[in-house]
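Right, one structure below, let's go through it.
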Amino acid sequence: MATAIQWIDQTLGLGLQQGLKGLKLELLLDNLLKLPIGVMDVWIEDWKHCGLKWPELTSYPQLRGKVTADPAQVFAAQQLGFKKILLSYRHDEMADMEGLKEALRAAEGLSLEADLLLENASAISTREVVALAKELHCFSIRGFAYGDEESRLEPLAALEQLAFLQTKLPMEMEFHGHNAYGLATANALSAIRVGIRHIAATAGNLTRNGYAPLEEVVMGSKILLGEETTGTEKFVDACEGIAACFDAALPVNKAIVGKHVFAHESGLHVDGVIKNPSLYEAFSPKDVGAVRRLVIGKHSGTASLKNCLAGFGISLASEAGKNLLQKVRRLAVLQKRALTEEQLLQLYCESNRQVV
Amino acid sequence: MSRRRLEIVDTTLRDGEQAAGIVFNATEKLAIAKALDQAGIAWIEAGTPAMGEEEQDAMRLLLAASLRATIIAWNRAVKQDILDSISCGCSFLHISVPISELHIRHKFGKERNWVLEQLQRSIMLARSFGCDVSVGAEDASRAEAQDFLQVAELAAKLGAKRIRYADTIGRLDPLTTYLRLCEIVPNCPLPIEFHAHNDFGLATANTLAAAQAGVAFASTTVSGLGERAGNAALEELVMASSLADCELSLKTATLKALIGTVGDAAKRCL
């Protein structure tokens with residue numbers, strides 16, 4: 001049996017980068033702690049300025065200090081009280097391999113648990129990645145994080161490349177995929193498919209070029225790949241709270257946690273969901289703390305009207321239903337929005353009066 | 001690797017509008033259809049005439065606009081749906097039937113043969129009026145490959161132009177999409193259109209994987225508007241296609257205006 005996947009949060013780091021402090025920062029932490037997160041990455045430079053200090057840090061054992069490949073940064077992380085660090089490194093012509101090695105040596109000397117993030121792994125060949133890992137083999141690097149900072153990966157290529165690296169690299173792998181083309185969730189699922197158990201993500205969809213949305217990768221791995229996952233019941237609550245900390249709102253159709261993802265309006269769908277929710281829902285709203293809503297609007301069918309009126313103890317006859325439906329659709333088009341329950345009741349009463 | 005061509009069938013005006021709380025009036029539908037046409041999209045699924053007079057008036061308005069794009073009307077495999085579409089003057093009909101065991105039993109309480117008979121009658125009715133037909137296989141991702149191919153063969157025999165493989169509840173991931181369609185594409189007598197939903201945030205990725213497996217058409221909506229978490233977003237697919245050697249013949253410069261037009265019309269009030 002595979003070990004549980006460890007989710008590596010990037011939301012707190014984003015909050016610190018954007019300068020969140022005080023109550024907002026505490027709220028952000030509170031919300032993140034509702035989620036199944038194992039590690040939280042923060043740049044130590046941002047941590048220095050966030051107002052939280054060393055004693056607070058010890059109460060969050062999930063925190064991992066992100067540093068550049070520079071020994072001075074490693075010392076600073078240790079001074080701040082971090083036990084775990086993530087060395088961020090970009091491999092190109094400008095790269096300072098010696099600096100990286102010194103930083104790794106420093107981490108060893110200070111007994112810090114060190115992981116290495118190759119930010120631009122997807123921009124270089126897998127052969128080069130393996131060569132780099134071999135060159136660093138003499139250092140005690142706990143985890144090797146594959147970064148796709150330019151969002152170059154697509155899911156099938158990700159499968160191939162990551163599967164190859166999984167067999168070649170001696171360290172445990174992490175996956176840090178970015179979302180410029182909307183493929184980060186899919187790429188993270190590819191990483192999970194080839195056996196990578198450490199996945200970076202951001203709760204909600206807070207930046208355009210951010211990481212994979214945590215709620216999508218967690219629910220995707222659970223429902224689509226059959227991974228064991230717990231702690232999903234507070235996704236809606238936590239993601240809404242987190243978005244608020246960033247003065248943002250979740251898009252209503254945000255997969256998994258948006259307000260409308262369990263709202264059904266079209267006649268076929270409402271009729272189906274009443275008969276059996278699994279016809280039009282991939283999982284139960286309860287799994288993520290969401291609530292199903294049946295909306296009356298332009299696309300409603302008679303089953304929706306019957307269902308809604310039944311809530312008021314009214315049983316709608318089929319012929320009356322057809323007439324009422326026409327009125328409902330006309331009103332929805334006219335007002336360019338869904339109907340409230342009161343509006344439906346009013347239309348129902350009006351048409352009844354005409355009959356009498 | 002040679003570049004694959006992927007043709008877009010945009011359904012912003014049908015599946016997009018089906019998102020809870022969204023209503024496009026006829027004028028807005030026309031503006032969106034014109035913007036889609038200008039972007040170079042050749043297929044526009046524009047609505048469901050069976051919904052009533054307002055929708056039928058909108059369809060007539062679109063058909064009268066003489067766009068280069070083909071206007072497609074969405075139908076259940078129901079006689080009156082087909083007649084409503086024809087009475088609007090539609091000449092390209094999409095006819096949808098559920099094909100998973102779950103949908104056939106729990107939605108209709110019927111057998112597979114009943115569904116196939118309904119489909120056969122509906123296609124023949126549409127063809128008797130000289131209409132072109134595309135067939136929709138709803139919930140295909142929860143059906144067996146052979147059930148999809150059975151529908152495709154029937155549809156091909158009756159003269160349908162293409163068949164839609166619908167991942168109705170967004171239940172696929174890219175590898176599964178790729179493997180399934182690699183199995184289906186070479187055995188399917190009709191060109192396939194892949195229709196993704198975004199329930200797990202995978203609609204774009206799955207559409208890309210379907211294209212990599214050789215599917216020729218993709219359903220999209222502008223900004224990913226659609227039921228629940230929406231459909232594959234046209235603009236995202238345009239961007240992501242470059243990563244998979246995939247070519248969409250679109251005028252990308254017009255996309256921004258298109259997104260604006262849809263955004264204005266899709267203000268949600270619930």
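All residue names refer to the structure tokens as shown: chains lettered A, B, ... in order, residues numbered from 1 in each chain, ligands numbered from 1 in order.
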Skip region 265-272 of chain A itself and residues of its chain fewer than 5 positions away, then list as a PDB file with C-alpha atoms, in the first residue's frame all residues within 8 Å of it, counting only C-alpha atoms.
```pdb
ATOM      1  CA  PRO A 277     -27.704  12.699  -7.863  1.00  0.00           C
ATOM      2  CA  LEU A 279     -26.488  11.157 -12.800  1.00  0.00           C
ATOM      3  CA  TYR A 280     -25.156  14.718 -12.834  1.00  0.00           C
ATOM      4  CA  LEU A 294     -32.038  23.530  -7.606  1.00  0.00           C
ATOM      5  CA  VAL A 295     -32.577  26.774  -9.464  1.00  0.00           C
ATOM      6  CA  ILE A 296     -35.728  27.858 -11.332  1.00  0.00           C
ATOM      7  CA  GLY A 297     -34.899  29.647 -14.593  1.00  0.00           C
ATOM      8  CA  LYS A 298     -34.981  29.742 -18.377  1.00  0.00           C
ATOM      9  CA  HIS A 299     -33.788  26.149 -18.701  1.00  0.00           C
ATOM     10  CA  SER A 300     -36.121  24.633 -16.118  1.00  0.00           C
ATOM     11  CA  GLY A 301     -38.414  21.730 -16.911  1.00  0.00           C
ATOM     12  CA  THR A 302     -41.701  20.767 -15.274  1.00  0.00           C
ATOM     13  CA  ALA A 303     -39.913  18.425 -12.854  1.00  0.00           C
ATOM     14  CA  SER A 304     -38.115  21.446 -11.330  1.00  0.00           C
TER      15      SER A 304
ATOM     16  CA  GLN B  18     -27.312  26.188 -19.237  1.00  0.00           C
ATOM     17  CA  ALA B  19     -25.133  27.262 -16.287  1.00  0.00           C
ATOM     18  CA  ALA B  20     -27.517  28.029 -13.442  1.00  0.00           C
ATOM     19  CA  GLY B  21     -28.743  31.602 -13.481  1.00  0.00           C
ATOM     20  CA  HIS B 106     -32.120   5.815 -13.715  1.00  0.00           C
ATOM     21  CA  LYS B 107     -33.211   8.687 -15.948  1.00  0.00           C
TER      22      LYS B 107
END
```
Could I get the residues of chain B with an atom no further than 8 Å from an atom of chain A, each paired with its nearest atom pair and that distance in Å to one decimal, using only C-alpha atoms, sorted by chain and residue number, as a tab-separated table?
```
residue	atom	partner	partner_atom	distance
B:Gln18	CA	A:Ser266	CA	6.0
B:Ala19	CA	A:Glu265	CA	7.1
B:Ala20	CA	A:Glu265	CA	4.9
B:Gly21	CA	A:Ala338	CA	4.9
B:Ile22	CA	A:Arg337	CA	6.2
B:Val23	CA	A:Lys336	CA	5.3
B:Phe24	CA	A:Lys336	CA	7.0
B:Asn25	CA	A:Val333	CA	6.2
B:Met51	CA	A:His299	CA	7.3
B:Gly52	CA	A:Gln326	CA	7.2
B:Glu54	CA	A:Arg330	CA	7.2
B:Leu102	CA	A:Leu279	CA	7.1
B:His103	CA	A:Leu279	CA	6.3
B:His106	CA	A:Asn276	CA	6.9
B:Lys107	CA	A:Gly272	CA	5.8
B:Thr168	CA	A:Tyr280	CA	7.4
B:Ile169	CA	A:Ala282	CA	5.7
B:Gly170	CA	A:Ala282	CA	7.1
B:Arg171	CA	A:Ala282	CA	6.4
B:Leu172	CA	A:Leu224	CA	7.1
B:Asp173	CA	A:Leu224	CA	6.9
B:Pro174	CA	A:Pro155	CA	6.6
B:Leu175	CA	A:Leu156	CA	6.9
B:Asn198	CA	A:Ala255	CA	6.5
B:Asp199	CA	A:Ala255	CA	5.3
B:Phe200	CA	A:Glu216	CA	5.3
B:Gly201	CA	A:Ala255	CA	5.6
B:Leu202	CA	A:Ala186	CA	6.0
B:Thr204	CA	A:Gly182	CA	6.8
B:Ala205	CA	A:Leu183	CA	5.7
B:Ala209	CA	A:Leu156	CA	7.4
B:Leu225	CA	A:Asn253	CA	7.9
B:Glu227	CA	A:His264	CA	7.4
B:Arg228	CA	A:Val261	CA	3.9
B:Ala229	CA	A:Asn253	CA	4.5
B:Gly230	CA	A:Asn253	CA	6.5
B:Glu236	CA	A:Tyr181	CA	6.0
B:Leu237	CA	A:Tyr181	CA	7.9
B:Met239	CA	A:Tyr181	CA	6.2
B:Ala240	CA	A:Tyr181	CA	5.3
B:Leu243	CA	A:Glu154	CA	6.4
B:Ala244	CA	A:Glu154	CA	7.0
B:Arg268	CA	A:Arg337	CA	7.1
B:Cys269	CA	A:Arg337	CA	5.7
B:Leu270	CA	A:Ala338	CA	5.9
```
**Prompt:** What lies within 12 Å of Ile37 (chain A) using only C-alpha atoms, ignoring chain neighbours under 4 positions off, as a PyMOL selection string?
**Reply:** chain A and resi 4-12+29+31-33+41+60-63+198-203+214-215+218+229-232+235
**Which residue of A:Ala131, A:Cys50, A:Lys286, A:Leu116 approaches Asp237 (chain A) most closely, using only C-alpha atoms** = A:Lys286
Please return as a short mmCIF file (atom, residue, chain, number, x, y, z; two decimals) with N, CA and C atoms, in the first residue's frame: the residues of region 94-284 of chain A that backbone DSSP assigns to strand (DSSP E or B).
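Output (states35.cif):
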```cif
data_model
loop_
_atom_site.label_atom_id
_atom_site.label_comp_id
_atom_site.auth_asym_id
_atom_site.auth_seq_id
_atom_site.Cartn_x
_atom_site.Cartn_y
_atom_site.Cartn_z
N GLU A 113 17.01 19.81 7.53
CA GLU A 113 16.49 18.88 6.53
C GLU A 113 16.32 19.66 5.23
N ALA A 114 17.09 19.27 4.18
CA ALA A 114 17.10 20.09 2.97
C ALA A 114 16.48 19.38 1.78
N ASP A 115 15.56 20.10 1.10
CA ASP A 115 15.01 19.63 -0.17
C ASP A 115 15.47 20.60 -1.25
N LEU A 116 15.58 20.09 -2.47
CA LEU A 116 16.03 20.93 -3.58
C LEU A 116 14.90 21.09 -4.59
N LEU A 117 14.60 22.37 -4.93
CA LEU A 117 13.59 22.62 -5.96
C LEU A 117 14.27 23.10 -7.23
N LEU A 118 14.21 22.28 -8.27
CA LEU A 118 14.73 22.70 -9.57
C LEU A 118 13.58 23.41 -10.29
N GLY A 143 14.62 15.54 -0.52
CA GLY A 143 13.65 15.45 -1.61
C GLY A 143 14.10 16.26 -2.81
N PHE A 144 13.73 15.78 -3.99
CA PHE A 144 14.05 16.50 -5.22
C PHE A 144 12.74 16.96 -5.84
N ALA A 145 12.57 18.29 -5.87
CA ALA A 145 11.30 18.83 -6.37
C ALA A 145 11.43 19.25 -7.82
N TYR A 146 10.54 18.72 -8.64
CA TYR A 146 10.51 19.03 -10.07
C TYR A 146 9.64 20.26 -10.26
N GLY A 147 10.22 21.35 -10.77
CA GLY A 147 9.46 22.58 -10.97
C GLY A 147 9.13 22.80 -12.44
N ASP A 148 7.92 23.29 -12.69
CA ASP A 148 7.49 23.60 -14.07
C ASP A 148 7.10 25.07 -14.07
N GLU A 172 13.64 11.09 -3.13
CA GLU A 172 12.20 11.11 -3.28
C GLU A 172 11.81 12.34 -4.07
N MET A 173 10.83 12.23 -4.97
CA MET A 173 10.48 13.38 -5.80
C MET A 173 9.27 14.15 -5.27
N GLU A 174 9.28 15.44 -5.58
CA GLU A 174 8.13 16.33 -5.33
C GLU A 174 7.74 16.92 -6.66
N PHE A 175 6.48 17.35 -6.80
CA PHE A 175 6.07 17.99 -8.05
C PHE A 175 5.50 19.39 -7.78
N HIS A 176 6.08 20.40 -8.43
CA HIS A 176 5.61 21.79 -8.30
C HIS A 176 5.22 22.29 -9.70
N GLY A 177 3.97 22.10 -10.08
CA GLY A 177 3.53 22.48 -11.43
C GLY A 177 2.80 23.81 -11.43
N HIS A 178 2.95 24.58 -12.50
CA HIS A 178 2.27 25.88 -12.61
C HIS A 178 1.13 25.82 -13.63
N HIS A 198 4.54 13.72 -3.16
CA HIS A 198 4.63 15.07 -2.57
C HIS A 198 4.24 16.07 -3.65
N ILE A 199 3.11 16.75 -3.45
CA ILE A 199 2.54 17.57 -4.52
C ILE A 199 2.27 18.99 -4.00
N ALA A 200 2.81 19.99 -4.72
CA ALA A 200 2.60 21.39 -4.34
C ALA A 200 1.30 21.91 -4.94
N ALA A 201 0.59 22.74 -4.18
CA ALA A 201 -0.70 23.27 -4.64
C ALA A 201 -1.07 24.53 -3.86
N THR A 202 -2.00 25.30 -4.42
CA THR A 202 -2.54 26.49 -3.74
C THR A 202 -4.04 26.30 -3.56
N TYR A 211 -0.11 27.78 -8.72
CA TYR A 211 0.06 26.32 -8.71
C TYR A 211 -1.29 25.66 -8.99
N PRO A 213 -4.75 24.14 -8.21
CA PRO A 213 -5.66 24.34 -7.07
C PRO A 213 -5.70 23.06 -6.21
N ALA A 263 -25.22 23.80 -8.24
CA ALA A 263 -26.51 24.43 -8.58
C ALA A 263 -26.95 23.91 -9.93
N HIS A 264 -28.15 23.37 -9.98
CA HIS A 264 -28.66 22.82 -11.24
C HIS A 264 -29.88 23.60 -11.68
#
```
**Request:** Enter the distance from CA of Ser223 (chain B) to CA of Leu36 (chain B), in Å, rounded to one decimal.
**Result:**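 The value is 12.7 Å.
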**Asked** Ala133 (chain A): which residues within 9 Å, counting only C-alpha atoms, same-chain residues fewer than 5 positions away excluded, as a ChimeraX atom specification?
**Response** /A:128,144,169-171
Residues as selected, all heavy atoms, written as a CSV table (one decimal), in the first residue's frame, can you do that?
```csv
chain,number,residue,atom,x,y,z
A,128,GLU,N,19.6,15.9,-18.6
A,128,GLU,CA,20.3,17.0,-17.8
A,128,GLU,C,19.9,16.9,-16.3
A,128,GLU,O,20.7,17.2,-15.4
A,128,GLU,CB,20.0,18.4,-18.4
A,128,GLU,CG,20.9,18.7,-19.5
A,128,GLU,CD,20.5,20.1,-20.1
A,128,GLU,OE1,19.5,20.2,-20.8
A,128,GLU,OE2,21.2,21.1,-19.7
A,144,PHE,N,13.7,15.8,-4.0
A,144,PHE,CA,14.0,16.5,-5.2
A,144,PHE,C,12.7,17.0,-5.8
A,144,PHE,O,11.9,16.2,-6.2
A,144,PHE,CB,14.8,15.6,-6.2
A,144,PHE,CG,15.2,16.3,-7.4
A,144,PHE,CD1,16.5,16.9,-7.5
A,144,PHE,CD2,14.4,16.4,-8.5
A,144,PHE,CE1,16.9,17.5,-8.7
A,144,PHE,CE2,14.7,17.0,-9.7
A,144,PHE,CZ,16.0,17.6,-9.8
A,169,LEU,N,16.2,8.9,-10.4
A,169,LEU,CA,16.7,9.8,-9.3
A,169,LEU,C,16.7,9.0,-8.0
A,169,LEU,O,15.8,8.3,-7.7
A,169,LEU,CB,15.8,11.0,-9.2
A,169,LEU,CG,15.8,12.0,-10.3
A,169,LEU,CD1,14.9,13.2,-10.0
A,169,LEU,CD2,17.2,12.4,-10.7
A,170,PRO,N,17.8,9.1,-7.2
A,170,PRO,CA,17.9,8.4,-6.0
A,170,PRO,C,17.0,9.0,-4.9
A,170,PRO,O,16.7,8.4,-3.9
A,170,PRO,CB,19.4,8.5,-5.6
A,170,PRO,CG,19.9,9.7,-6.3
A,170,PRO,CD,19.0,9.9,-7.5
A,171,MET,N,16.7,10.3,-5.0
A,171,MET,CA,15.9,11.0,-3.9
A,171,MET,C,14.4,10.8,-4.2
A,171,MET,O,14.0,10.5,-5.3
A,171,MET,CB,16.2,12.5,-3.8
A,171,MET,CG,17.6,12.9,-3.9
A,171,MET,SD,18.0,13.2,-5.6
A,171,MET,CE,19.3,14.4,-5.4
```
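If only C-alpha atoms are the atoms counted, then among A:Asn179, A:Thr3, A:Ser140, A:Ser315 the closest residue to Ala107 (chain A) is A:Ser140.
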**Message:** Report, in Å to a single decimal, how far apart CA of Leu62 (chain B) and CA of Leu158 (chain B) are.
**Reply:**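 Going from CA of Leu158 (chain B) over to CA of Leu62 (chain B) covers 27.6 Å.
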**Message:** Give me, as an MDAnalysis selection string, all polymer residues having an atom no more than 10 Å from region 64-76 of chain B, counting only C-alpha atoms and skipping those fewer than 3 positions away in the same chain.
**Reply:** (chainID A and resid 268) or (chainID B and resid 9:11 14:15 30 33:34 36:38 40:51 56 58:61 79:86 88:98 118:119 122 132:136)
**Message:** Among region 8-257 of chain B, which ones does DSSP assign to alpha helix (DSSP H) (computed from the backbone)? Answer as a count of residues only.
**Reply:** 99
